[in-house]
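Peer 1: Can you read through this structure? Questions will come right after.
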Amino acid sequence: MRSARVLLLGAIVVGLLVPPTVASSEPLRSTHVARPSIVWRPIPFGGRRRREMGAYSRRHYGEWAWRLRRPKVIVEHYTDGTTFSGAWATFAANSVHLGELPGVCAHFVIDTDGTIYQLVNLRLRCRHAIGMNWTAIGIEHVGTSDQQILSNQRMMRASLRLTVWLMDRFGIQARNVIGHAETLMSPFHHEAYPSWRCQTHADWQHVDMQAYRDRLRRLARRTGVPVGPPPAWIDPHC
């Protein structure tokens, strides 16, 4: 009995020490794809920031919630900077953005050498794309242009592997892997503030995301991950 108690205590301790890199509030699907190497570098996301995210969600999506449940979209970004450390510091600072808290963040950042860092647990909503944060996982790439990332083989290899793995884990279709600049055309875009409904960013333009999704589909098919039908864009009337 004593040895059983010791084993149980050890299991609990190990469970507490393992970083929650794939944690979700919903059951995960069985996966065909091996998890890529991910370095856990969490930003502060305690009770205060969660409450701020809950209040943000109530204002912009009509419900008080900070949990990310059953994500349907993956949004690709670039940091518009040159270092992972700069991106991490920006996201960790939790600074006011567009007059509101919480500050911006993303779940993952991919460095120029192909290292994948996870900053935020996947059970948490991150503020990375207007109208999408209620249902989207955010992936940032260190860089200042789409082409800079598309031409970096190590970054693209890491980005595609991470994205296909997330597609497989959460049942996300390739058509719902979008660039930040494509968010207004997504059927999942929802923004309660009229003055924010047509706001987006310039990172990952449609033509560059078409090239990205072509590569993504090829990798998904090779690994047995369903890609789904072609994109079903909407007219945002912006």
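Ordering of the structure tokens sets the chain letters (A, B, ...), residue numbers begin anew at 1 in every chain, and ligands are numbered from 1 in the order given.
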Residues of segment 5-139 of chain A classed as strand (DSSP E or B) by DSSP on the backbone are to be reported as an NGL selection string.
Peer 2: :A and (39-40 or 67 or 73-78 or 97 or 100 or 108-110 or 116-118 or 124 or 136-139)
Peer 1: If you run DSSP on the backbone here, which positions in segment 53-202 of chain A get helix (DSSP H, G or I)? Please write them as an MDAnalysis selection string.
Peer 2: chainID A and resid 53:61 84:93 146:150 153:170 174:176 180:185 194:196
Peer 1: So how far away is atom CA of Met156 of chain A from atom CA of Met209 of chain A, in Å?
Peer 2: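 Atom-to-atom, atom CA of Met209 of chain A to atom CA of Met156 of chain A, that is 12.3 Å.
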Peer 1: For Leu98 of chain A, please output as JSON, numbers by chain all residues within 12 Å (counting only C-alpha atoms; exclusion window: fewer than 5 positions along the same chain).
Peer 2: {"A": [56, 103, 104, 127, 130, 195, 196, 199]}
Peer 1: Go ahead and save the residues from that selection, with N, CA and C atoms, as a CSV table (one decimal), in the first residue's frame.
Peer 2:
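Result written to selection37.csv:
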chain,number,residue,atom,x,y,z
A,56,TYR,N,-13.4,40.9,-22.6
A,56,TYR,CA,-13.2,41.2,-24.0
A,56,TYR,C,-14.1,40.3,-24.9
A,103,GLY,N,-3.8,42.4,-23.6
A,103,GLY,CA,-2.9,42.7,-24.7
A,103,GLY,C,-2.9,41.5,-25.8
A,104,VAL,N,-2.2,41.8,-26.8
A,104,VAL,CA,-2.2,40.8,-27.9
A,104,VAL,C,-1.3,39.6,-27.5
A,127,ARG,N,-5.7,36.9,-27.9
A,127,ARG,CA,-6.1,38.0,-28.7
A,127,ARG,C,-5.1,38.2,-29.9
A,130,ILE,N,-8.8,40.1,-34.8
A,130,ILE,CA,-10.1,40.7,-34.6
A,130,ILE,C,-11.2,39.8,-35.2
A,195,SER,N,-17.5,49.4,-35.5
A,195,SER,CA,-16.3,50.1,-36.0
A,195,SER,C,-15.1,49.2,-36.2
A,196,TRP,N,-15.2,48.0,-35.7
A,196,TRP,CA,-14.1,47.0,-35.8
A,196,TRP,C,-14.4,45.9,-36.9
A,199,GLN,N,-11.9,45.7,-39.7
A,199,GLN,CA,-10.5,45.8,-39.4
A,199,GLN,C,-9.8,44.5,-39.6
Peer 1: List as a PyMOL selection string the protein and nucleic acid residues near Ile178 of chain A, meaning an atom at most 12 Å away when only C-alpha atoms are counted, but skip any in the same chain fewer than 3 places from it.
Peer 2: chain A and resi 72-77+129+132+136-139+163+172-175+181-189+203-213+216+231-233
Peer 1: Using only C-alpha atoms, determine which residues lie at most 12 Å from Ser85 of chain A, disregarding the query and same-chain residues fewer than 2 positions distant; provide the list as a VMD selection string.
Peer 2: chain A and resid 41 43 79 81 to 83 87 to 92 109 to 112 117 119 142
Peer 1: Could you give me, as a VMD selection string, the residues within 9 Å of Asn94 of chain A, counting only C-alpha atoms and dropping anything in the same chain fewer than 5 positions from it?
Peer 2: chain A and resid 44 to 45 49 101 to 105
Peer 1: Keeping C-alpha atoms, export the residues of the selection given above as a tab-separated table (two decimals), in the first residue's frame.
Peer 2:
chain	number	residue	atom	x	y	z
A	44	PRO	CA	2.05	35.23	-17.96
A	45	PHE	CA	-1.63	34.34	-18.32
A	49	ARG	CA	-5.53	38.24	-17.84
A	101	LEU	CA	-7.14	44.75	-22.44
A	102	PRO	CA	-5.96	42.04	-22.57
A	103	GLY	CA	-2.93	42.67	-24.73
A	104	VAL	CA	-2.18	40.78	-27.92
A	105	CYS	CA	-0.73	37.29	-27.94
Peer 1: Write out as a PyMOL selection string which residues come within 6 Å of Arg67 of chain A when counting only C-alpha atoms, dropping same-chain ones fewer than 5 positions away.
Peer 2: chain A and resi 123-125
Peer 1: What separation in Å, quoted to one decimal, exists between atom CA of Ile116 of chain A and atom CA of Arg35 of chain A?
Peer 2: 11.3 Å
Peer 1: Report the distance between atom CA of Arg69 of chain A and atom CA of Pro194 of chain A in Å, rounded to one decimal place.
Peer 2: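 If I compute the distance from atom CA of Arg69 of chain A to atom CA of Pro194 of chain A, I get 25.0 Å.
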